[in-house]
file structure-v1.txt (compact mmCIF, C-alpha atoms)
# COMPACT_ATOMS: atom_id res chain seq x y z
CA MET A 1 122.27 113.36 129.65
CA THR A 2 119.66 113.80 126.93
CA VAL A 3 117.91 110.78 125.44
CA ILE A 4 115.22 110.97 122.77
CA GLY A 5 112.61 108.25 122.39
CA ILE A 6 110.77 107.82 119.10
CA ASP A 7 107.72 105.63 118.55
CA VAL A 8 106.99 105.00 114.88
CA GLY A 9 103.40 103.78 114.74
CA GLY A 10 101.03 102.81 111.98
CA SER A 11 99.62 106.31 111.61
CA THR A 12 101.73 108.67 113.73
CA THR A 13 105.30 109.13 114.87
CA LYS A 14 105.68 110.27 118.49
CA ILE A 15 108.80 111.74 120.00
CA ILE A 16 109.78 112.71 123.53
CA ALA A 17 113.05 113.60 125.25
CA VAL A 18 114.38 113.21 128.76
CA LYS A 19 117.03 115.82 129.58
CA ASN A 20 118.79 115.92 132.93
CA SER A 21 116.01 113.92 134.60
CA GLU A 22 113.23 116.08 133.14
CA ILE A 23 110.66 115.04 130.54
CA MET A 24 110.57 117.61 127.74
CA LYS A 25 107.44 118.57 125.82
CA PRO A 26 106.45 115.70 123.48
CA MET A 27 105.34 115.94 119.87
CA GLN A 28 103.72 113.79 117.19
CA VAL A 29 103.52 113.98 113.41
CA THR A 30 101.64 112.08 110.72
CA ALA A 31 103.58 109.02 109.62
CA ASN A 32 102.70 108.36 105.98
CA ASP A 33 106.29 107.35 105.21
CA PRO A 34 108.02 106.02 108.36
CA GLN A 35 111.59 106.96 107.47
CA THR A 36 110.73 110.46 106.28
CA SER A 37 108.48 110.92 109.28
CA VAL A 38 111.23 109.98 111.74
CA TYR A 39 113.74 112.43 110.29
CA GLY A 40 111.13 115.17 109.97
CA ALA A 41 109.87 114.67 113.51
CA PHE A 42 113.38 114.60 114.95
CA GLY A 43 114.48 117.77 113.17
CA ARG A 44 111.36 119.65 114.14
CA TYR A 45 111.53 118.41 117.72
CA ILE A 46 115.07 119.51 118.49
CA ASN A 47 114.40 122.85 116.82
CA GLU A 48 111.22 123.56 118.80
CA ASN A 49 112.86 122.49 122.06
CA GLY A 50 116.04 124.49 121.54
CA LEU A 51 118.30 121.45 121.33
CA ASP A 52 121.45 120.99 119.25
CA LEU A 53 122.47 117.67 117.73
CA SER A 54 125.45 117.70 120.08
CA ASP A 55 123.06 117.82 123.06
CA VAL A 56 121.56 114.42 122.25
CA ASN A 57 123.46 111.46 123.68
CA ARG A 58 121.32 108.67 122.26
CA ILE A 59 118.16 108.01 120.26
CA MET A 60 115.96 105.05 121.19
CA ILE A 61 113.50 104.02 118.50
CA THR A 62 110.59 101.60 118.66
CA GLY A 63 107.23 100.83 117.05
CA VAL A 64 106.01 98.95 114.01
CA GLY A 65 107.62 101.38 111.57
CA SER A 66 111.01 101.54 113.27
CA SER A 67 112.42 98.70 111.15
CA PHE A 68 112.61 101.13 108.21
CA VAL A 69 115.31 103.08 110.06
CA VAL A 70 118.52 101.07 109.71
CA GLU A 71 121.19 103.71 110.36
CA ASN A 72 122.13 106.18 113.07
CA ILE A 73 119.92 109.27 112.84
CA TYR A 74 122.06 112.31 111.99
CA GLY A 75 125.10 110.40 113.22
CA ILE A 76 123.70 110.00 116.74
CA VAL A 77 123.85 106.50 118.23
CA THR A 78 120.41 105.03 117.50
CA GLU A 79 119.19 101.84 119.18
CA HIS A 80 116.08 99.80 118.44
CA ILE A 81 113.94 98.74 121.39
CA SER A 82 111.18 96.13 121.63
CA GLU A 83 107.84 97.91 121.41
CA PHE A 84 106.38 95.74 124.15
CA ASP A 85 109.22 96.53 126.56
CA ALA A 86 108.79 100.24 125.77
CA ILE A 87 105.03 100.09 126.39
CA GLY A 88 105.53 98.34 129.72
CA LYS A 89 108.25 100.67 130.98
CA GLY A 90 106.50 103.82 129.85
CA GLY A 91 103.13 102.81 131.26
CA LEU A 92 104.52 101.89 134.67
CA TYR A 93 106.61 105.05 134.93
CA LEU A 94 103.79 107.44 133.96
CA SER A 95 101.33 105.77 136.32
CA GLY A 96 103.74 105.42 139.22
CA LEU A 97 102.64 101.80 139.66
CA ASP A 98 104.81 98.74 140.27
CA ASN A 99 102.41 96.24 138.72
CA ALA A 100 99.72 96.72 136.09
CA ILE A 101 98.22 95.71 132.78
CA ILE A 102 99.39 98.28 130.24
CA VAL A 103 97.06 98.78 127.27
CA SER A 104 98.47 100.55 124.23
CA MET A 105 95.59 101.80 122.09
CA GLY A 106 97.09 102.64 118.72
CA THR A 107 96.00 101.58 115.24
CA GLY A 108 95.39 98.23 116.90
CA THR A 109 95.67 97.42 120.61
CA SER A 110 98.34 95.60 122.63
CA PHE A 111 97.97 94.22 126.15
CA ILE A 112 101.13 94.07 128.27
CA LYS A 113 101.62 92.73 131.81
CA ALA A 114 104.38 94.71 133.50
CA ASP A 115 105.99 94.84 136.91
CA ASN A 116 109.41 95.76 138.23
CA LYS A 117 110.79 92.31 137.39
CA LYS A 118 109.52 91.57 133.90
CA ILE A 119 107.39 92.69 130.99
CA VAL A 120 105.26 90.16 129.13
CA ARG A 121 102.98 90.63 126.14
CA ILE A 122 99.61 89.08 126.92
CA GLY A 123 98.22 89.53 123.43
CA GLY A 124 96.43 92.05 121.27
CA THR A 125 93.46 92.85 119.09
CA GLY A 126 93.00 94.49 115.72
CA VAL A 127 90.33 96.70 117.26
CA GLY A 128 91.79 100.16 117.83
CA GLY A 129 92.14 103.60 116.32
CA GLY A 130 92.39 102.15 112.82
CA THR A 131 89.05 100.43 113.35
CA LEU A 132 87.45 103.71 114.37
CA LEU A 133 88.83 105.58 111.36
CA GLY A 134 87.93 102.84 108.90
CA LEU A 135 84.36 102.36 110.09
CA SER A 136 83.79 106.10 110.31
CA SER A 137 85.01 106.53 106.76
CA LYS A 138 82.59 103.87 105.54
CA PHE A 139 79.50 104.74 107.60
CA ILE A 140 79.59 108.53 107.99
CA HIS A 141 82.18 109.42 105.33
CA VAL A 142 84.53 111.05 107.84
CA ARG A 143 88.07 109.81 108.40
CA HIS A 144 89.85 112.61 110.29
CA PHE A 145 90.19 111.75 113.99
CA ASP A 146 89.44 115.24 115.31
CA THR A 147 86.32 115.52 113.11
CA ILE A 148 85.00 112.21 114.42
CA VAL A 149 85.58 113.31 118.01
CA ASN A 150 83.88 116.66 117.42
CA LEU A 151 80.87 114.98 115.83
CA ALA A 152 80.61 112.50 118.69
CA ALA A 153 80.41 115.34 121.21
CA GLU A 154 76.86 116.02 119.96
CA GLY A 155 75.87 112.36 119.70
CA ASN A 156 73.33 110.37 121.70
CA LEU A 157 74.09 106.71 122.49
CA SER A 158 70.45 105.99 123.23
CA ASN A 159 69.87 106.16 119.47
CA ILE A 160 72.58 103.54 118.86
CA ASP A 161 73.21 101.02 121.65
CA LEU A 162 70.88 98.54 123.28
CA THR A 163 71.30 98.50 127.06
CA VAL A 164 70.31 96.06 129.77
CA GLY A 165 67.72 98.60 130.88
CA ASP A 166 66.14 98.49 127.41
CA ILE A 167 65.49 94.75 127.54
CA SER A 168 64.79 94.00 131.19
CA VAL A 169 62.32 95.50 133.64
CA ASN A 170 64.19 93.84 136.50
CA GLN A 171 67.86 94.58 137.10
CA VAL A 172 70.06 91.67 136.09
CA THR A 173 72.37 90.59 138.91
CA ALA A 174 75.57 92.68 138.95
CA MET A 175 74.58 94.43 135.72
CA PRO A 176 73.43 98.07 135.99
CA ASP A 177 70.76 99.31 133.60
CA PHE A 178 73.32 101.35 131.63
CA THR A 179 75.36 98.24 130.73
CA THR A 180 75.62 97.80 126.98
CA ALA A 181 73.81 94.67 125.85
CA SER A 182 74.56 95.21 122.16
CA ASN A 183 76.65 97.87 120.44
CA PHE A 184 74.55 99.29 117.59
CA GLY A 185 71.78 96.91 118.63
CA LYS A 186 69.23 99.73 118.87
CA ILE A 187 70.33 101.98 116.01
CA SER A 188 67.49 104.25 115.00
CA ASP A 189 66.48 105.22 111.48
CA TYR A 190 66.80 108.77 112.76
CA ALA A 191 70.32 108.33 114.10
CA THR A 192 72.52 111.25 113.05
CA LYS A 193 76.17 111.24 111.98
CA SER A 194 76.97 112.47 115.48
CA ASP A 195 75.09 109.57 117.05
CA ILE A 196 76.94 107.08 114.85
CA ALA A 197 80.32 108.69 115.58
CA LYS A 198 79.64 108.43 119.30
CA GLY A 199 78.52 104.83 118.90
CA LEU A 200 81.66 103.87 117.00
CA ILE A 201 83.94 105.44 119.60
CA ASN A 202 82.00 103.75 122.39
CA MET A 203 82.15 100.36 120.68
CA VAL A 204 85.92 100.51 120.16
CA LEU A 205 86.65 101.73 123.69
CA GLN A 206 84.27 99.24 125.32
CA THR A 207 85.78 96.35 123.38
CA ILE A 208 89.27 97.32 124.52
CA GLY A 209 88.16 97.98 128.10
CA VAL A 210 86.34 94.68 128.52
CA MET A 211 89.29 92.75 127.10
CA ALA A 212 91.56 94.55 129.57
CA ALA A 213 89.18 93.67 132.41
CA PHE A 214 89.28 90.00 131.41
CA ALA A 215 93.08 90.14 131.34
CA CYS A 216 93.02 91.51 134.89
CA LYS A 217 90.79 88.69 136.08
CA ILE A 218 93.13 86.08 134.62
CA ASP A 219 96.22 87.76 136.09
CA ASP A 220 94.60 88.79 139.38
CA THR A 221 95.52 92.43 138.73
CA LYS A 222 93.31 95.42 139.51
CA ASP A 223 95.07 98.26 137.69
CA VAL A 224 95.01 99.03 133.97
CA VAL A 225 97.14 101.83 132.53
CA LEU A 226 95.76 103.17 129.25
CA CYS A 227 98.17 104.59 126.67
CA GLY A 228 98.04 105.66 123.04
CA ASN A 229 96.11 108.12 120.90
CA LEU A 230 92.64 106.93 121.90
CA THR A 231 93.25 108.21 125.43
CA ALA A 232 92.74 111.69 123.93
CA VAL A 233 89.06 110.99 123.21
CA PRO A 234 87.03 113.17 125.64
CA ASP A 235 84.58 110.35 126.39
CA ALA A 236 87.34 107.82 127.14
CA GLN A 237 87.47 108.19 130.93
CA GLU A 238 83.66 108.11 131.24
CA CYS A 239 83.49 104.96 129.13
CA PHE A 240 86.16 103.18 131.14
CA ASP A 241 84.59 104.30 134.43
CA GLY A 242 81.47 102.40 133.38
CA ILE A 243 83.54 99.26 132.79
CA LYS A 244 85.23 99.81 136.16
CA GLU A 245 81.84 99.78 137.89
CA LEU A 246 80.91 96.54 136.18
CA HIS A 247 84.22 94.66 136.54
CA GLY A 248 85.93 96.28 139.54
CA VAL A 249 89.04 97.26 137.60
CA ASN A 250 90.88 100.58 137.92
CA PHE A 251 91.52 102.36 134.60
CA ILE A 252 94.23 105.01 134.69
CA ILE A 253 94.97 107.55 131.95
CA PRO A 254 98.22 109.26 133.02
CA LYS A 255 99.70 112.52 131.78
CA TYR A 256 101.54 111.99 128.47
CA ALA A 257 99.60 108.73 127.95
CA GLU A 258 99.84 109.16 124.18
CA TYR A 259 103.64 109.13 124.44
CA ALA A 260 104.14 106.24 126.85
CA THR A 261 105.82 103.99 124.28
CA ALA A 262 108.28 106.67 123.14
CA LEU A 263 109.06 107.51 126.77
CA GLY A 264 109.52 103.85 127.63
CA ALA A 265 112.10 103.55 124.86
CA ALA A 266 114.05 106.48 126.31
CA LEU A 267 113.86 104.98 129.79
CA VAL A 268 115.71 101.88 128.59
CA ALA A 269 118.79 103.98 127.75
CA ILE A 270 118.61 105.84 131.05
CA GLU A 271 118.39 102.59 132.99
CA LYS A 272 121.44 101.24 131.17
CA SER A 273 123.47 104.38 131.89
CA LYS A 274 122.66 104.31 135.60
CA GLY A 275 122.65 100.59 136.12
CA VAL A 276 119.30 100.74 137.93
CA LYS A 277 115.68 100.56 136.87
CA ASN A 278 113.20 103.43 136.69
CA GLU A 279 115.52 105.89 138.39
CA PHE A 280 115.93 109.46 137.21

call {"tool": "encode", "arguments": {"input": "structure-v1.txt", "output": "structure tokens"}}
result
Amino acid sequence: MTVIGIDVGGSTTKIIAVKNSEIMKPMQVTANDPQTSVYGAFGRYINENGLDLSDVNRIMITGVGSSFVVENIYGIVTEHISEFDAIGKGGLYLSGLDNAIIVSMGTGTSFIKADNKKIVRIGGTGVGGGTLLGLSSKFIHVRHFDTIVNLAAEGNLSNIDLTVGDISVNQVTAMPDFTTASNFGKISDYATKSDIAKGLINMVLQTIGVMAAFACKIDDTKDVVLCGNLTAVPDAQECFDGIKELHGVNFIIPKYAEYATALGAALVAIEKSKGVKNEF
């Protein structure tokens, strides 16, 4: 059985297939026009993976742009899946956990509570990849994600953020010196584009991470699975490790984290065909 999951987001379309219990190499394309992007991504994907249309049993589509696709893709049965269900299923499967907060960091950010019994959307924030691209475009006149990341690699946060260590000679209880007291609260007149790029990435990731930590405290959960394009930022794990030290929450970035939603959509079809959950 071959099932293809497609996640049509605000800026990218992601596609992944599960064939005979194996996850095939995923792919993503720019999604300027959702419908065109879906068809283009699908055609390219089956070609690069050596699949024929007849090999594909079902297409499961999800994401904010999926509503533009109203017909079966190339005559293959195409089913729409709730994005939140797809995020929850994909995040749990990739992490191997039975219970976690799943955070999907796309153009904006969604927070999902998932376990083997149910998937519930906790809420969301408009702070996400779109925030990073928009602010970068305005402040350093760069809007391409890879360029921002490359610039940030040479940046220095000490020229941007105010830390607890900057404002207190005595350590504040349970707050290490490196804890951010104010994002951009210490920006220097000599701050470079690289410094600002690093500061913007740090601000977006910290905002998401702290909100996830608060969600864990409310739900009495210790594990957070991070998904979406922002997991590809090289500094992501280091940033979330700092939040882990402060809040005691485990942040996990699994393999294929960028494709968790697309994979989760495919998992729904596989579960239906087998009559059991999360079994390959």

call {"tool": "closest_atom_pairs", "arguments": {"input": "structure-v1.txt", "of": "segment 55-160 of chain A", "to": "segment 191-198 of chain A", "cutoff": "9 Å", "atoms": "all atoms listed in the file", "output": "Markdown table"}}
result
| residue | atom | partner | partner_atom | distance |
| --- | --- | --- | --- | --- |
| A:Leu132 | CA | A:Ala197 | CA | 8.8 |
| A:Ser136 | CA | A:Ala197 | CA | 6.8 |
| A:Phe139 | CA | A:Ile196 | CA | 8.0 |
| A:Ile140 | CA | A:Lys193 | CA | 5.9 |
| A:Ile148 | CA | A:Ala197 | CA | 6.0 |
| A:Val149 | CA | A:Ala197 | CA | 7.4 |
| A:Asn150 | CA | A:Ser194 | CA | 8.3 |
| A:Leu151 | CA | A:Ser194 | CA | 4.7 |
| A:Ala152 | CA | A:Lys198 | CA | 4.2 |
| A:Ala153 | CA | A:Lys198 | CA | 7.2 |
| A:Glu154 | CA | A:Ser194 | CA | 5.7 |
| A:Gly155 | CA | A:Asp195 | CA | 3.9 |
| A:Asn156 | CA | A:Asp195 | CA | 5.0 |
| A:Leu157 | CA | A:Asp195 | CA | 6.2 |
| A:Ser158 | CA | A:Asp195 | CA | 8.5 |
| A:Asn159 | CA | A:Ala191 | CA | 5.8 |
| A:Ile160 | CA | A:Asp195 | CA | 6.8 |

call {"tool": "closest_residue", "arguments": {"input": "structure-v1.txt", "among": "A:Gly126, A:Gly108, A:Gly90, A:Gly40", "to": "Gly5 of chain A", "atoms": "only C-alpha atoms"}}
result
A:Gly90

call {"tool": "closest_atom_pairs", "arguments": {"input": "structure-v1.txt", "of": "segment 55-133 of chain A", "to": "segment 26-38 of chain A", "cutoff": "6 Å", "atoms": "all atoms listed in the file", "output": "CSV"}}
result
residue,atom,partner,partner_atom,distance
A:Gly65,CA,A:Pro34,CA,5.7
A:Phe68,CA,A:Gln35,CA,6.0
A:Val69,CA,A:Gln35,CA,6.0

call {"tool": "residues_around", "arguments": {"input": "structure-v1.txt", "residues": "Val127 of chain A", "least_positions_apart": "6", "cutoff": "10 Å", "atoms": "all atoms listed in the file", "output": "PyMOL selection string"}}
result
chain A and resi 105-110+203-205+207-208

call {"tool": "atom_distance", "arguments": {"input": "structure-v1.txt", "atom1": "atom CA of Ile73 of chain A", "atom2": "atom CA of Tyr39 of chain A"}}
result
7.4 Å

call {"tool": "closest_residue", "arguments": {"input": "structure-v1.txt", "among": "A:Asn57, A:Thr147, A:Ser188, A:Ser182", "to": "Val3 of chain A", "atoms": "only C-alpha atoms"}}
result
A:Asn57

call {"tool": "closest_residue", "arguments": {"input": "structure-v1.txt", "among": "A:His141, A:Cys216, A:Asp223, A:Gly199", "to": "Leu162 of chain A", "atoms": "all atoms listed in the file"}}
result
A:Gly199

call {"tool": "atom_distance", "arguments": {"input": "structure-v1.txt", "atom1": "atom CA of Ile23 of chain A", "atom2": "atom CA of Ile122 of chain A"}}
result
28.4 Å

call {"tool": "residues_around", "arguments": {"input": "structure-v1.txt", "residues": "segment 252-264 of chain A", "least_positions_apart": "6", "cutoff": "10 Å", "atoms": "all atoms listed in the file", "output": "PDB file with C-alpha atoms, in the coordinates of the input"}}
result
ATOM      1  CA  VAL A   3     117.910 110.780 125.440  1.00  0.00           C
ATOM      2  CA  ILE A   4     115.220 110.970 122.770  1.00  0.00           C
ATOM      3  CA  GLY A   5     112.610 108.250 122.390  1.00  0.00           C
ATOM      4  CA  ILE A   6     110.770 107.820 119.100  1.00  0.00           C
ATOM      5  CA  ASP A   7     107.720 105.630 118.550  1.00  0.00           C
ATOM      6  CA  VAL A   8     106.990 105.000 114.880  1.00  0.00           C
ATOM      7  CA  GLY A   9     103.400 103.780 114.740  1.00  0.00           C
ATOM      8  CA  THR A  13     105.300 109.130 114.870  1.00  0.00           C
ATOM      9  CA  LYS A  14     105.680 110.270 118.490  1.00  0.00           C
ATOM     10  CA  ILE A  15     108.800 111.740 120.000  1.00  0.00           C
ATOM     11  CA  ILE A  16     109.780 112.710 123.530  1.00  0.00           C
ATOM     12  CA  ALA A  17     113.050 113.600 125.250  1.00  0.00           C
ATOM     13  CA  VAL A  18     114.380 113.210 128.760  1.00  0.00           C
ATOM     14  CA  ILE A  23     110.660 115.040 130.540  1.00  0.00           C
ATOM     15  CA  LYS A  25     107.440 118.570 125.820  1.00  0.00           C
ATOM     16  CA  PRO A  26     106.450 115.700 123.480  1.00  0.00           C
ATOM     17  CA  MET A  27     105.340 115.940 119.870  1.00  0.00           C
ATOM     18  CA  GLN A  28     103.720 113.790 117.190  1.00  0.00           C
ATOM     19  CA  MET A  60     115.960 105.050 121.190  1.00  0.00           C
ATOM     20  CA  ILE A  61     113.500 104.020 118.500  1.00  0.00           C
ATOM     21  CA  THR A  62     110.590 101.600 118.660  1.00  0.00           C
ATOM     22  CA  GLY A  63     107.230 100.830 117.050  1.00  0.00           C
ATOM     23  CA  ILE A  81     113.940  98.740 121.390  1.00  0.00           C
ATOM     24  CA  SER A  82     111.180  96.130 121.630  1.00  0.00           C
ATOM     25  CA  GLU A  83     107.840  97.910 121.410  1.00  0.00           C
ATOM     26  CA  PHE A  84     106.380  95.740 124.150  1.00  0.00           C
ATOM     27  CA  ASP A  85     109.220  96.530 126.560  1.00  0.00           C
ATOM     28  CA  ALA A  86     108.790 100.240 125.770  1.00  0.00           C
ATOM     29  CA  ILE A  87     105.030 100.090 126.390  1.00  0.00           C
ATOM     30  CA  GLY A  88     105.530  98.340 129.720  1.00  0.00           C
ATOM     31  CA  LYS A  89     108.250 100.670 130.980  1.00  0.00           C
ATOM     32  CA  GLY A  90     106.500 103.820 129.850  1.00  0.00           C
ATOM     33  CA  GLY A  91     103.130 102.810 131.260  1.00  0.00           C
ATOM     34  CA  LEU A  92     104.520 101.890 134.670  1.00  0.00           C
ATOM     35  CA  TYR A  93     106.610 105.050 134.930  1.00  0.00           C
ATOM     36  CA  LEU A  94     103.790 107.440 133.960  1.00  0.00           C
ATOM     37  CA  SER A  95     101.330 105.770 136.320  1.00  0.00           C
ATOM     38  CA  GLY A  96     103.740 105.420 139.220  1.00  0.00           C
ATOM     39  CA  ILE A 102      99.390  98.280 130.240  1.00  0.00           C
ATOM     40  CA  SER A 104      98.470 100.550 124.230  1.00  0.00           C
ATOM     41  CA  MET A 105      95.590 101.800 122.090  1.00  0.00           C
ATOM     42  CA  GLY A 106      97.090 102.640 118.720  1.00  0.00           C
ATOM     43  CA  ASP A 223      95.070  98.260 137.690  1.00  0.00           C
ATOM     44  CA  VAL A 224      95.010  99.030 133.970  1.00  0.00           C
ATOM     45  CA  VAL A 225      97.140 101.830 132.530  1.00  0.00           C
ATOM     46  CA  LEU A 226      95.760 103.170 129.250  1.00  0.00           C
ATOM     47  CA  CYS A 227      98.170 104.590 126.670  1.00  0.00           C
ATOM     48  CA  GLY A 228      98.040 105.660 123.040  1.00  0.00           C
ATOM     49  CA  ASN A 229      96.110 108.120 120.900  1.00  0.00           C
ATOM     50  CA  LEU A 230      92.640 106.930 121.900  1.00  0.00           C
ATOM     51  CA  THR A 231      93.250 108.210 125.430  1.00  0.00           C
ATOM     52  CA  ALA A 232      92.740 111.690 123.930  1.00  0.00           C
ATOM     53  CA  ALA A 236      87.340 107.820 127.140  1.00  0.00           C
ATOM     54  CA  GLN A 237      87.470 108.190 130.930  1.00  0.00           C
ATOM     55  CA  PHE A 240      86.160 103.180 131.140  1.00  0.00           C
ATOM     56  CA  ASP A 241      84.590 104.300 134.430  1.00  0.00           C
ATOM     57  CA  ILE A 270     118.610 105.840 131.050  1.00  0.00           C
ATOM     58  CA  ASN A 278     113.200 103.430 136.690  1.00  0.00           C
TER      59      ASN A 278
END

call {"tool": "atom_distance", "arguments": {"input": "structure-v1.txt", "atom1": "atom CA of Ile218 of chain A", "atom2": "atom CA of Gly165 of chain A"}}
result
28.6 Å

call {"tool": "closest_residue", "arguments": {"input": "structure-v1.txt", "among": "A:Lys138, A:Asp219, A:Phe178, A:Ile167", "to": "Asn99 of chain A", "atoms": "all atoms listed in the file"}}
result
A:Asp219

call {"tool": "closest_residue", "arguments": {"input": "structure-v1.txt", "among": "A:Arg44, A:Ser168, A:Ala212, A:Gly10", "to": "Ile112 of chain A", "atoms": "all atoms listed in the file"}}
result
A:Ala212

call {"tool": "axis_aligned_box", "arguments": {"input": "structure-v1.txt", "around": "segment 4-16 of chain A", "padding_each_side": "4 Å", "output": "AutoDock Vina command-line options"}}
result
--center_x 107.4 --center_y 107.8 --center_z 117.6 --size_x 23.6 --size_y 17.9 --size_z 19.9

call {"tool": "closest_residue", "arguments": {"input": "structure-v1.txt", "among": "A:Asn202, A:Thr221, A:Ser66, A:Thr180", "to": "Cys239 of chain A", "atoms": "all atoms listed in the file"}}
result
A:Asn202

call {"tool": "residues_around", "arguments": {"input": "structure-v1.txt", "residues": "Leu246 of chain A", "least_positions_apart": "5", "cutoff": "12 Å", "atoms": "all atoms listed in the file", "output": "PyMOL selection string"}}
result
chain A and resi 172-180+206+209-210+213-214+239-241

call {"tool": "build_atoms", "arguments": {"input": "structure-v1.txt", "residues": "segment 202-219 of chain A", "atoms": "N, CA and C atoms", "output": "mmCIF file, keeping the file's coordinate frame"}}
result
data_model
loop_
_atom_site.group_PDB
_atom_site.id
_atom_site.type_symbol
_atom_site.label_atom_id
_atom_site.label_comp_id
_atom_site.auth_asym_id
_atom_site.auth_seq_id
_atom_site.Cartn_x
_atom_site.Cartn_y
_atom_site.Cartn_z
ATOM 1 N N ASN A 202 82.389 104.544 121.221
ATOM 2 C CA ASN A 202 82.000 103.750 122.390
ATOM 3 C C ASN A 202 82.255 102.270 122.164
ATOM 4 N N MET A 203 81.948 101.772 120.979
ATOM 5 C CA MET A 203 82.150 100.360 120.680
ATOM 6 C C MET A 203 83.626 99.975 120.742
ATOM 7 N N VAL A 204 84.483 100.803 120.156
ATOM 8 C CA VAL A 204 85.920 100.510 120.160
ATOM 9 C C VAL A 204 86.466 100.552 121.583
ATOM 10 N N LEU A 205 86.122 101.603 122.327
ATOM 11 C CA LEU A 205 86.650 101.730 123.690
ATOM 12 C C LEU A 205 86.115 100.636 124.605
ATOM 13 N N GLN A 206 84.832 100.297 124.484
ATOM 14 C CA GLN A 206 84.270 99.240 125.320
ATOM 15 C C GLN A 206 84.911 97.891 125.015
ATOM 16 N N THR A 207 85.151 97.619 123.753
ATOM 17 C CA THR A 207 85.780 96.350 123.380
ATOM 18 C C THR A 207 87.164 96.239 124.025
ATOM 19 N N ILE A 208 87.938 97.304 123.930
ATOM 20 C CA ILE A 208 89.270 97.320 124.520
ATOM 21 C C ILE A 208 89.191 97.211 126.046
ATOM 22 N N GLY A 209 88.281 97.970 126.645
ATOM 23 C CA GLY A 209 88.160 97.980 128.100
ATOM 24 C C GLY A 209 87.743 96.638 128.674
ATOM 25 N N VAL A 210 86.798 95.980 128.029
ATOM 26 C CA VAL A 210 86.340 94.680 128.520
ATOM 27 C C VAL A 210 87.439 93.633 128.373
ATOM 28 N N MET A 211 88.178 93.686 127.262
ATOM 29 C CA MET A 211 89.290 92.750 127.100
ATOM 30 C C MET A 211 90.353 92.980 128.177
ATOM 31 N N ALA A 212 90.605 94.238 128.511
ATOM 32 C CA ALA A 212 91.560 94.550 129.570
ATOM 33 C C ALA A 212 91.062 94.028 130.923
ATOM 34 N N ALA A 213 89.759 94.167 131.165
ATOM 35 C CA ALA A 213 89.180 93.670 132.410
ATOM 36 C C ALA A 213 89.322 92.160 132.522
ATOM 37 N N PHE A 214 89.115 91.461 131.414
ATOM 38 C CA PHE A 214 89.280 90.000 131.410
ATOM 39 C C PHE A 214 90.740 89.622 131.676
ATOM 40 N N ALA A 215 91.667 90.395 131.104
ATOM 41 C CA ALA A 215 93.080 90.140 131.340
ATOM 42 C C ALA A 215 93.418 90.298 132.820
ATOM 43 N N CYS A 216 92.802 91.287 133.464
ATOM 44 C CA CYS A 216 93.020 91.510 134.890
ATOM 45 C C CYS A 216 92.508 90.331 135.714
ATOM 46 N N LYS A 217 91.363 89.809 135.332
ATOM 47 C CA LYS A 217 90.790 88.690 136.080
ATOM 48 C C LYS A 217 91.693 87.462 135.978
ATOM 49 N N ILE A 218 92.242 87.230 134.811
ATOM 50 C CA ILE A 218 93.130 86.080 134.620
ATOM 51 C C ILE A 218 94.415 86.247 135.416
ATOM 52 N N ASP A 219 94.934 87.491 135.448
ATOM 53 C CA ASP A 219 96.220 87.760 136.090
ATOM 54 C C ASP A 219 96.083 88.192 137.536
#
